[in-house]
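Source file target36.pdb; content: PDB, C-alpha atoms.
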ATOM      1  CA  MET A   1      -0.172  16.257  -5.095  1.00  0.00           C
ATOM      2  CA  LYS A   2       3.131  15.754  -3.308  1.00  0.00           C
ATOM      3  CA  ILE A   3       6.056  14.192  -5.165  1.00  0.00           C
ATOM      4  CA  ARG A   4       8.607  12.313  -3.082  1.00  0.00           C
ATOM      5  CA  SER A   5      11.612  10.154  -3.954  1.00  0.00           C
ATOM      6  CA  THR A   6      11.563   6.501  -2.948  1.00  0.00           C
ATOM      7  CA  ALA A   7      13.750   3.429  -2.989  1.00  0.00           C
ATOM      8  CA  GLY A   8      13.025   0.960  -5.793  1.00  0.00           C
ATOM      9  CA  ILE A   9      13.604  -2.755  -5.320  1.00  0.00           C
ATOM     10  CA  THR A  10      14.256  -5.004  -8.311  1.00  0.00           C
ATOM     11  CA  THR A  11      15.667  -8.414  -9.276  1.00  0.00           C
ATOM     12  CA  VAL A  12      15.694 -10.174  -5.917  1.00  0.00           C
ATOM     13  CA  GLY A  13      16.361 -13.885  -6.222  1.00  0.00           C
ATOM     14  CA  VAL A  14      18.147 -16.912  -4.809  1.00  0.00           C
ATOM     15  CA  LEU A  15      19.990 -19.614  -6.731  1.00  0.00           C
ATOM     16  CA  PRO A  16      18.071 -22.918  -6.869  1.00  0.00           C
ATOM     17  CA  THR A  17      20.917 -24.622  -4.982  1.00  0.00           C
ATOM     18  CA  HIS A  18      20.412 -22.298  -1.984  1.00  0.00           C
ATOM     19  CA  ARG A  19      16.640 -22.033  -1.737  1.00  0.00           C
ATOM     20  CA  ARG A  20      14.529 -22.984   1.313  1.00  0.00           C
ATOM     21  CA  GLN A  21      17.390 -22.087   3.648  1.00  0.00           C
ATOM     22  CA  GLY A  22      16.162 -18.650   4.758  1.00  0.00           C
ATOM     23  CA  VAL A  23      18.499 -16.790   2.392  1.00  0.00           C
ATOM     24  CA  LEU A  24      15.781 -14.615   0.851  1.00  0.00           C
ATOM     25  CA  THR A  25      14.388 -13.709   4.268  1.00  0.00           C
ATOM     26  CA  GLU A  26      17.802 -12.591   5.511  1.00  0.00           C
ATOM     27  CA  MET A  27      18.449 -10.666   2.280  1.00  0.00           C
ATOM     28  CA  MET A  28      15.190  -8.775   2.648  1.00  0.00           C
ATOM     29  CA  ARG A  29      15.790  -8.106   6.342  1.00  0.00           C
ATOM     30  CA  PHE A  30      19.270  -6.720   5.582  1.00  0.00           C
ATOM     31  CA  GLN A  31      17.905  -4.665   2.700  1.00  0.00           C
ATOM     32  CA  LEU A  32      15.174  -3.014   4.790  1.00  0.00           C
ATOM     33  CA  ALA A  33      17.673  -2.175   7.536  1.00  0.00           C
ATOM     34  CA  ASP A  34      20.048  -0.687   4.968  1.00  0.00           C
ATOM     35  CA  LEU A  35      17.284   1.445   3.425  1.00  0.00           C
ATOM     36  CA  ARG A  36      16.346   2.774   6.845  1.00  0.00           C
ATOM     37  CA  GLU A  37      19.950   3.704   7.585  1.00  0.00           C
ATOM     38  CA  ARG A  38      20.028   5.622   4.305  1.00  0.00           C
ATOM     39  CA  GLY A  39      17.016   7.648   5.432  1.00  0.00           C
ATOM     40  CA  GLU A  40      14.375   6.109   3.157  1.00  0.00           C
ATOM     41  CA  PHE A  41      10.867   6.007   4.631  1.00  0.00           C
ATOM     42  CA  PHE A  42       9.237   3.713   2.078  1.00  0.00           C
ATOM     43  CA  ALA A  43      10.169   1.464  -0.826  1.00  0.00           C
ATOM     44  CA  VAL A  44       8.362   0.082  -3.870  1.00  0.00           C
ATOM     45  CA  LEU A  45       8.732  -2.930  -6.127  1.00  0.00           C
ATOM     46  CA  LEU A  46       7.023  -4.445  -9.148  1.00  0.00           C
ATOM     47  CA  ALA A  47       5.778  -7.876  -8.184  1.00  0.00           C
ATOM     48  CA  ALA A  48       6.586 -10.938 -10.262  1.00  0.00           C
ATOM     49  CA  GLU A  49       4.830 -13.244  -7.752  1.00  0.00           C
ATOM     50  CA  GLY A  50       2.405 -11.443  -5.470  1.00  0.00           C
ATOM     51  CA  GLN A  51       2.260 -14.095  -2.748  1.00  0.00           C
ATOM     52  CA  ILE A  52       5.924 -13.647  -1.822  1.00  0.00           C
ATOM     53  CA  HIS A  53       6.151  -9.999  -0.827  1.00  0.00           C
ATOM     54  CA  GLY A  54       3.459  -9.773   1.845  1.00  0.00           C
ATOM     55  CA  ARG A  55       5.550 -11.734   4.318  1.00  0.00           C
ATOM     56  CA  PHE A  56       8.189  -8.983   4.171  1.00  0.00           C
ATOM     57  CA  GLY A  57       5.709  -6.207   4.965  1.00  0.00           C
ATOM     58  CA  TYR A  58       4.927  -5.096   1.405  1.00  0.00           C
ATOM     59  CA  GLY A  59       1.316  -4.312   0.527  1.00  0.00           C
ATOM     60  CA  PRO A  60      -0.253  -4.099  -2.953  1.00  0.00           C
ATOM     61  CA  ALA A  61      -0.797  -0.430  -3.702  1.00  0.00           C
ATOM     62  CA  THR A  62      -1.939  -0.082  -7.316  1.00  0.00           C
ATOM     63  CA  PHE A  63      -3.135  -2.611  -9.847  1.00  0.00           C
ATOM     64  CA  ALA A  64      -2.773  -3.524 -13.485  1.00  0.00           C
ATOM     65  CA  LEU A  65      -5.419  -4.858 -15.843  1.00  0.00           C
ATOM     66  CA  ASP A  66      -5.230  -6.605 -19.186  1.00  0.00           C
ATOM     67  CA  HIS A  67      -8.034  -5.381 -21.425  1.00  0.00           C
ATOM     68  CA  ASP A  68      -8.583  -7.987 -24.142  1.00  0.00           C
ATOM     69  CA  LEU A  69     -11.229  -7.246 -26.766  1.00  0.00           C
ATOM     70  CA  VAL A  70      -9.588  -9.725 -29.187  1.00  0.00           C
ATOM     71  CA  THR A  71     -10.836  -8.557 -32.602  1.00  0.00           C
ATOM     72  CA  GLU A  72     -10.971  -4.885 -31.635  1.00  0.00           C
ATOM     73  CA  VAL A  73      -8.027  -3.761 -29.524  1.00  0.00           C
ATOM     74  CA  ALA A  74      -6.231  -4.835 -26.333  1.00  0.00           C
ATOM     75  CA  PHE A  75      -4.979  -2.462 -23.624  1.00  0.00           C
ATOM     76  CA  LYS A  76      -2.557  -3.773 -21.041  1.00  0.00           C
ATOM     77  CA  HIS A  77      -1.496  -2.542 -17.602  1.00  0.00           C
ATOM     78  CA  PHE A  78      -4.268  -0.026 -17.000  1.00  0.00           C
ATOM     79  CA  PRO A  79      -5.211   1.171 -13.493  1.00  0.00           C
ATOM     80  CA  THR A  80      -8.631   0.080 -12.292  1.00  0.00           C
ATOM     81  CA  ASP A  81     -10.074   3.618 -12.348  1.00  0.00           C
ATOM     82  CA  HIS A  82      -8.781   4.629 -15.790  1.00  0.00           C
ATOM     83  CA  PRO A  83     -11.373   6.795 -17.661  1.00  0.00           C
ATOM     84  CA  LEU A  84     -10.923   5.013 -21.014  1.00  0.00           C
ATOM     85  CA  ARG A  85     -13.969   2.816 -20.474  1.00  0.00           C
ATOM     86  CA  TRP A  86     -16.231   5.874 -20.321  1.00  0.00           C
ATOM     87  CA  ARG A  87     -15.025   6.942 -23.782  1.00  0.00           C
ATOM     88  CA  LEU A  88     -16.671   3.894 -25.331  1.00  0.00           C
ATOM     89  CA  ALA A  89     -20.029   4.283 -27.072  1.00  0.00           C
ATOM     90  CA  ASP A  90     -21.135   1.216 -25.095  1.00  0.00           C
ATOM     91  CA  VAL A  91     -19.472   1.153 -21.658  1.00  0.00           C
ATOM     92  CA  ASN A  92     -20.340  -2.550 -21.362  1.00  0.00           C
ATOM     93  CA  ALA A  93     -18.448  -3.421 -24.539  1.00  0.00           C
ATOM     94  CA  GLY A  94     -15.100  -3.436 -22.736  1.00  0.00           C
ATOM     95  CA  GLN A  95     -14.338  -6.659 -20.906  1.00  0.00           C
ATOM     96  CA  LEU A  96     -11.746  -6.753 -18.109  1.00  0.00           C
ATOM     97  CA  SER A  97      -9.458  -9.732 -17.692  1.00  0.00           C
ATOM     98  CA  GLY A  98      -6.150 -10.647 -16.166  1.00  0.00           C
ATOM     99  CA  GLU A  99      -6.422  -8.458 -13.071  1.00  0.00           C
ATOM    100  CA  MET A 100      -3.202  -8.625 -11.087  1.00  0.00           C
ATOM    101  CA  ASP A 101      -1.291  -6.863  -8.348  1.00  0.00           C
ATOM    102  CA  TRP A 102       1.526  -4.793  -9.807  1.00  0.00           C
ATOM    103  CA  LEU A 103       3.078  -2.113  -7.600  1.00  0.00           C
ATOM    104  CA  TRP A 104       3.833  -3.053  -3.984  1.00  0.00           C
ATOM    105  CA  VAL A 105       4.831  -0.619  -1.212  1.00  0.00           C
ATOM    106  CA  ARG A 106       6.835  -1.191   1.971  1.00  0.00           C
ATOM    107  CA  LEU A 107       6.764   1.456   4.733  1.00  0.00           C
ATOM    108  CA  LEU A 108      10.137   1.788   6.457  1.00  0.00           C
ATOM    109  CA  ASP A 109       9.450   4.805   8.705  1.00  0.00           C
ATOM    110  CA  VAL A 110       5.734   5.075   9.471  1.00  0.00           C
ATOM    111  CA  SER A 111       5.967   8.500  11.130  1.00  0.00           C
ATOM    112  CA  ARG A 112       7.787  10.120   8.221  1.00  0.00           C
ATOM    113  CA  ALA A 113       5.692   8.348   5.618  1.00  0.00           C
ATOM    114  CA  LEU A 114       2.396   9.520   7.118  1.00  0.00           C
ATOM    115  CA  ALA A 115       3.659  13.049   7.805  1.00  0.00           C
ATOM    116  CA  THR A 116       4.876  13.418   4.224  1.00  0.00           C
ATOM    117  CA  ARG A 117       1.661  12.207   2.604  1.00  0.00           C
ATOM    118  CA  GLY A 118      -1.086  14.570   1.417  1.00  0.00           C
ATOM    119  CA  TYR A 119      -4.609  14.573   2.934  1.00  0.00           C
ATOM    120  CA  ARG A 120      -7.941  16.019   1.845  1.00  0.00           C
ATOM    121  CA  THR A 121      -9.263  16.813   5.332  1.00  0.00           C
ATOM    122  CA  GLY A 122      -7.961  17.623   8.806  1.00  0.00           C
ATOM    123  CA  GLY A 123      -8.258  15.841  12.141  1.00  0.00           C
ATOM    124  CA  ASP A 124      -6.519  13.396  14.459  1.00  0.00           C
ATOM    125  CA  LEU A 125      -6.141   9.635  14.139  1.00  0.00           C
ATOM    126  CA  VAL A 126      -4.275   7.200  16.392  1.00  0.00           C
ATOM    127  CA  LEU A 127      -2.959   4.161  14.548  1.00  0.00           C
ATOM    128  CA  GLU A 128      -1.527   1.006  16.073  1.00  0.00           C
ATOM    129  CA  VAL A 129       0.759  -0.558  13.477  1.00  0.00           C
ATOM    130  CA  HIS A 130       2.046  -4.138  13.648  1.00  0.00           C
ATOM    131  CA  ASP A 131       5.179  -5.076  11.692  1.00  0.00           C
ATOM    132  CA  PRO A 132       5.650  -8.849  12.210  1.00  0.00           C
ATOM    133  CA  PHE A 133       8.616  -9.163   9.853  1.00  0.00           C
ATOM    134  CA  LEU A 134      10.693  -6.575  11.729  1.00  0.00           C
ATOM    135  CA  GLY A 135       9.184  -7.442  15.109  1.00  0.00           C
ATOM    136  CA  GLU A 136       7.827  -3.925  15.712  1.00  0.00           C
ATOM    137  CA  HIS A 137       4.547  -2.780  17.261  1.00  0.00           C
ATOM    138  CA  ASP A 138       4.001   0.968  17.701  1.00  0.00           C
ATOM    139  CA  ARG A 139       1.284   3.603  18.033  1.00  0.00           C
ATOM    140  CA  TYR A 140       1.228   6.873  16.123  1.00  0.00           C
ATOM    141  CA  LEU A 141      -0.790  10.061  16.469  1.00  0.00           C
ATOM    142  CA  LEU A 142      -1.455  11.505  13.031  1.00  0.00           C
ATOM    143  CA  SER A 143      -2.625  15.131  13.084  1.00  0.00           C
ATOM    144  CA  VAL A 144      -3.549  17.133  10.006  1.00  0.00           C
ATOM    145  CA  ARG A 145      -4.149  20.890  10.164  1.00  0.00           C
ATOM    146  CA  GLY A 146      -4.418  23.217   7.189  1.00  0.00           C
ATOM    147  CA  GLY A 147      -3.137  20.577   4.807  1.00  0.00           C
ATOM    148  CA  GLU A 148       0.023  19.920   6.830  1.00  0.00           C
ATOM    149  CA  ALA A 149       0.500  16.628   8.685  1.00  0.00           C
ATOM    150  CA  GLU A 150       2.443  15.657  11.781  1.00  0.00           C
ATOM    151  CA  CYS A 151       2.899  12.101  13.003  1.00  0.00           C
ATOM    152  CA  VAL A 152       4.485  11.210  16.349  1.00  0.00           C
ATOM    153  CA  GLY A 153       4.585   8.291  18.745  1.00  0.00           C
ATOM    154  CA  THR A 154       1.807   8.153  21.346  1.00  0.00           C
ATOM    155  CA  ASP A 155       0.404   6.119  24.236  1.00  0.00           C
ATOM    156  CA  ARG A 156      -3.200   7.028  23.431  1.00  0.00           C
ATOM    157  CA  GLU A 157      -5.725   4.279  22.753  1.00  0.00           C
ATOM    158  CA  PRO A 158      -5.785   3.474  19.039  1.00  0.00           C
ATOM    159  CA  ASP A 159      -8.643   4.355  16.723  1.00  0.00           C
ATOM    160  CA  LEU A 160      -7.368   1.689  14.347  1.00  0.00           C
ATOM    161  CA  SER A 161      -5.059  -1.318  14.598  1.00  0.00           C
ATOM    162  CA  LEU A 162      -3.624  -2.702  11.381  1.00  0.00           C
ATOM    163  CA  ASP A 163      -0.732  -4.560   9.833  1.00  0.00           C
ATOM    164  CA  VAL A 164       2.033  -2.542   8.152  1.00  0.00           C
ATOM    165  CA  ARG A 165       1.120  -4.292   4.888  1.00  0.00           C
ATOM    166  CA  ASP A 166      -2.433  -2.943   5.013  1.00  0.00           C
ATOM    167  CA  LEU A 167      -1.189   0.553   5.785  1.00  0.00           C
ATOM    168  CA  ALA A 168       1.153   0.306   2.802  1.00  0.00           C
ATOM    169  CA  SER A 169      -1.753  -0.742   0.581  1.00  0.00           C
ATOM    170  CA  ILE A 170      -3.782   2.376   1.395  1.00  0.00           C
ATOM    171  CA  TYR A 171      -0.760   4.696   1.492  1.00  0.00           C
ATOM    172  CA  LEU A 172      -1.075   5.535  -2.217  1.00  0.00           C
ATOM    173  CA  THR A 173      -4.895   5.643  -1.842  1.00  0.00           C
ATOM    174  CA  ARG A 174      -5.899   3.421  -4.760  1.00  0.00           C
ATOM    175  CA  ALA A 175      -6.232   0.072  -2.994  1.00  0.00           C
ATOM    176  CA  ALA A 176      -9.430   1.047  -1.193  1.00  0.00           C
ATOM    177  CA  ARG A 177     -11.227   1.476  -4.522  1.00  0.00           C
ATOM    178  CA  ARG A 178     -10.687  -2.131  -5.403  1.00  0.00           C
ATOM    179  CA  ARG A 179     -13.161  -4.823  -4.439  1.00  0.00           C
ATOM    180  CA  PRO A 180     -11.846  -6.414  -1.220  1.00  0.00           C
ATOM    181  CA  ARG A 181     -10.355  -9.857  -1.761  1.00  0.00           C
ATOM    182  CA  GLY A 182      -9.307 -11.634   1.416  1.00  0.00           C
ATOM    183  CA  PRO A 183      -8.022 -10.298   4.752  1.00  0.00           C
ATOM    184  CA  THR A 184      -5.309  -8.086   3.255  1.00  0.00           C
ATOM    185  CA  TYR A 185      -7.904  -5.464   2.338  1.00  0.00           C
ATOM    186  CA  SER A 186      -9.996  -5.582   5.503  1.00  0.00           C
ATOM    187  CA  SER A 187      -8.119  -2.813   7.298  1.00  0.00           C
ATOM    188  CA  ALA A 188      -9.034  -0.140   4.768  1.00  0.00           C
ATOM    189  CA  GLN A 189     -12.703  -0.931   5.346  1.00  0.00           C
ATOM    190  CA  HIS A 190     -12.157  -1.206   9.090  1.00  0.00           C
ATOM    191  CA  MET A 191     -10.554   2.250   9.131  1.00  0.00           C
ATOM    192  CA  ARG A 192     -13.626   3.840   7.586  1.00  0.00           C
ATOM    193  CA  ARG A 193     -15.983   1.911   9.859  1.00  0.00           C
ATOM    194  CA  THR A 194     -14.373   2.300  13.285  1.00  0.00           C
ATOM    195  CA  ALA A 195     -12.729   5.744  13.517  1.00  0.00           C
ATOM    196  CA  ARG A 196     -14.333   7.123  16.653  1.00  0.00           C
ATOM    197  CA  SER A 197     -14.809  10.880  16.372  1.00  0.00           C
ATOM    198  CA  GLY A 198     -16.067  12.886  13.412  1.00  0.00           C
ATOM    199  CA  SER A 199     -12.608  14.301  12.720  1.00  0.00           C
ATOM    200  CA  ASP A 200     -11.057  10.833  13.025  1.00  0.00           C
ATOM    201  CA  ARG A 201     -13.598   9.448  10.601  1.00  0.00           C
ATOM    202  CA  SER A 202     -13.093  12.181   8.006  1.00  0.00           C
ATOM    203  CA  LEU A 203      -9.319  11.827   8.223  1.00  0.00           C
ATOM    204  CA  ALA A 204      -9.554   8.052   7.819  1.00  0.00           C
ATOM    205  CA  GLN A 205     -11.733   8.539   4.754  1.00  0.00           C
ATOM    206  CA  SER A 206      -9.226  11.017   3.316  1.00  0.00           C
ATOM    207  CA  MET A 207      -6.598   8.272   3.475  1.00  0.00           C
ATOM    208  CA  THR A 208      -8.707   5.637   1.763  1.00  0.00           C
ATOM    209  CA  ALA A 209     -11.118   7.320  -0.636  1.00  0.00           C
ATOM    210  CA  ARG A 210      -9.224   9.847  -2.711  1.00  0.00           C
TER
END
Take the structure from the file and write it as structure tokens.
Amino acid sequence: MKIRSTAGITTVGVLPTHRRQGVLTEMMRFQLADLRERGEFFAVLLAAEGQIHGRFGYGPATFALDHDLVTEVAFKHFPTDHPLRWRLADVNAGQLSGEMDWLWVRLLDVSRALATRGYRTGGDLVLEVHDPFLGEHDRYLLSVRGGEAECVGTDREPDLSLDVRDLASIYLTRAARRRPRGPTYSSAQHMRRTARSGSDRSLAQSMTAR
């Protein structure tokens, strides 16, 4: 496991008298530029309304659950793969409800973010990353050897094309374990399905199936 510092975003809002005038969009654009200038390569936030943040390049990365057994006990804000369920005498006795997106991630420097991340296997993978909010479209060669990663710009044909939001969702590895729901999650599946060589495929799986 690698531990890295990150920027945390909180309490972003616009007064009712100034809404629907593009103020929030400009605030977020300024904020992302400022974080980049400070040397941050990704940022996180806790989502109050999940539909808002995708337009700014954030992707849902981990998830919270409300466990409500009413007369027994209720557990809130548990990750989807928490082992508590397997401690029950009857694993089917626990009912899940209130599933929601919780932590969202925004990649600011794709090269640094991918080079800093840990991987289970080695290989090469060329990613074409679209960032509509910042108007960027770049290709990266990710190489992993002996547990160490390097990520640089490249002109090679991509093994995978995806939106920066989808890359953010699989960056912390948990999103791929969730049942896909809509197009936001398609890239994680597409990565596993379309990586061309054996090393590309194993590296793609190491990003999405930890």
For Pro132 (chain A), the nearest of the candidates A:Val44, A:Leu24, A:Leu15, A:Leu162, counting only C-alpha atoms: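 Closest to Pro132 (chain A), using only C-alpha atoms: A:Leu162.
A search radius of 6 Å centred on (-2.5, 18.5, 4.1), applied to all atoms listed in the file, returns the residues Gly118, Tyr119, Gly146, Gly147, Glu148 and Ala149 of chain A.
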CA of Gly135 (chain A) to CA of Gly123 (chain A), distance in Å rounded to a single decimal: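 One can read the CA of Gly135 (chain A) to CA of Gly123 (chain A) distance as 29.2 Å.
Near Val12 (chain A), within a cut-off of 12 Å and counting all atoms listed in the file, sit the residues Val23, Leu24, Thr25, Glu26, Met27, Met28, Gln31, Leu45, Leu46, Ala47, Ala48, Glu49, Ile52 and His53 of chain A, with same-chain residues fewer than 5 positions away left out.
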Filtering to C-alpha atoms, could you give me those residues as a CSV table (one decimal), in the frame of the given file?
chain,number,residue,atom,x,y,z
A,23,VAL,CA,18.5,-16.8,2.4
A,24,LEU,CA,15.8,-14.6,0.9
A,25,THR,CA,14.4,-13.7,4.3
A,26,GLU,CA,17.8,-12.6,5.5
A,27,MET,CA,18.4,-10.7,2.3
A,28,MET,CA,15.2,-8.8,2.6
A,31,GLN,CA,17.9,-4.7,2.7
A,45,LEU,CA,8.7,-2.9,-6.1
A,46,LEU,CA,7.0,-4.4,-9.1
A,47,ALA,CA,5.8,-7.9,-8.2
A,48,ALA,CA,6.6,-10.9,-10.3
A,49,GLU,CA,4.8,-13.2,-7.8
A,52,ILE,CA,5.9,-13.6,-1.8
A,53,HIS,CA,6.2,-10.0,-0.8
Please expand the PyMOL selection byres ((chain A and resi 112) around 12) into the concrete residues it hits in this file, giving the result as a PDB file with C-alpha atoms, in the frame of the given file.
ATOM      1  CA  ARG A   4       8.607  12.313  -3.082  1.00  0.00           C
ATOM      2  CA  ARG A  36      16.346   2.774   6.845  1.00  0.00           C
ATOM      3  CA  GLY A  39      17.016   7.648   5.432  1.00  0.00           C
ATOM      4  CA  GLU A  40      14.375   6.109   3.157  1.00  0.00           C
ATOM      5  CA  PHE A  41      10.867   6.007   4.631  1.00  0.00           C
ATOM      6  CA  PHE A  42       9.237   3.713   2.078  1.00  0.00           C
ATOM      7  CA  LEU A 107       6.764   1.456   4.733  1.00  0.00           C
ATOM      8  CA  LEU A 108      10.137   1.788   6.457  1.00  0.00           C
ATOM      9  CA  ASP A 109       9.450   4.805   8.705  1.00  0.00           C
ATOM     10  CA  VAL A 110       5.734   5.075   9.471  1.00  0.00           C
ATOM     11  CA  SER A 111       5.967   8.500  11.130  1.00  0.00           C
ATOM     12  CA  ALA A 113       5.692   8.348   5.618  1.00  0.00           C
ATOM     13  CA  LEU A 114       2.396   9.520   7.118  1.00  0.00           C
ATOM     14  CA  ALA A 115       3.659  13.049   7.805  1.00  0.00           C
ATOM     15  CA  THR A 116       4.876  13.418   4.224  1.00  0.00           C
ATOM     16  CA  ARG A 117       1.661  12.207   2.604  1.00  0.00           C
ATOM     17  CA  TYR A 140       1.228   6.873  16.123  1.00  0.00           C
ATOM     18  CA  LEU A 141      -0.790  10.061  16.469  1.00  0.00           C
ATOM     19  CA  LEU A 142      -1.455  11.505  13.031  1.00  0.00           C
ATOM     20  CA  ALA A 149       0.500  16.628   8.685  1.00  0.00           C
ATOM     21  CA  GLU A 150       2.443  15.657  11.781  1.00  0.00           C
ATOM     22  CA  CYS A 151       2.899  12.101  13.003  1.00  0.00           C
ATOM     23  CA  VAL A 152       4.485  11.210  16.349  1.00  0.00           C
ATOM     24  CA  GLY A 153       4.585   8.291  18.745  1.00  0.00           C
TER      25      GLY A 153
END
For CA of Arg55 (chain A) and CA of Arg139 (chain A), the interatomic separation in Å (one decimal):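 The value is 21.0 Å.
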Point-to-point distance from CA of Gly59 (chain A) to CA of Arg145 (chain A), Å rounded to tenths: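 That distance, rounded to one decimal, is 27.5 Å.
Distances from A:Leu134, A:Val105, A:Val144, A:Leu160 to Ala33 (chain A) were compared using only C-alpha atoms, and the smallest one belongs to A:Leu134.
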Nearest residue to Val164 (chain A) from the set A:Leu127, A:Gln51, A:Gly57, A:Thr121 (distances using all atoms listed in the file):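 The closest residue to Val164 (chain A) is A:Gly57.
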Among the residues A:Thr11, A:Arg106, A:Asp131, A:Ser143, the one that comes closest to Asp163 (chain A) [using all atoms listed in the file]: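 Nearest to Asp163 (chain A): A:Asp131.
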Selection result of the PyMOL selection byres ((chain A and resi 6) around 6) on this file, as a ChimeraX atom specification: /A:5,7,43
Spatial neighbours of Ser161 (chain A), 8 Å, only C-alpha atoms, chain gap at least 5 places, as an MDAnalysis selection string: chainID A and resid 127:130
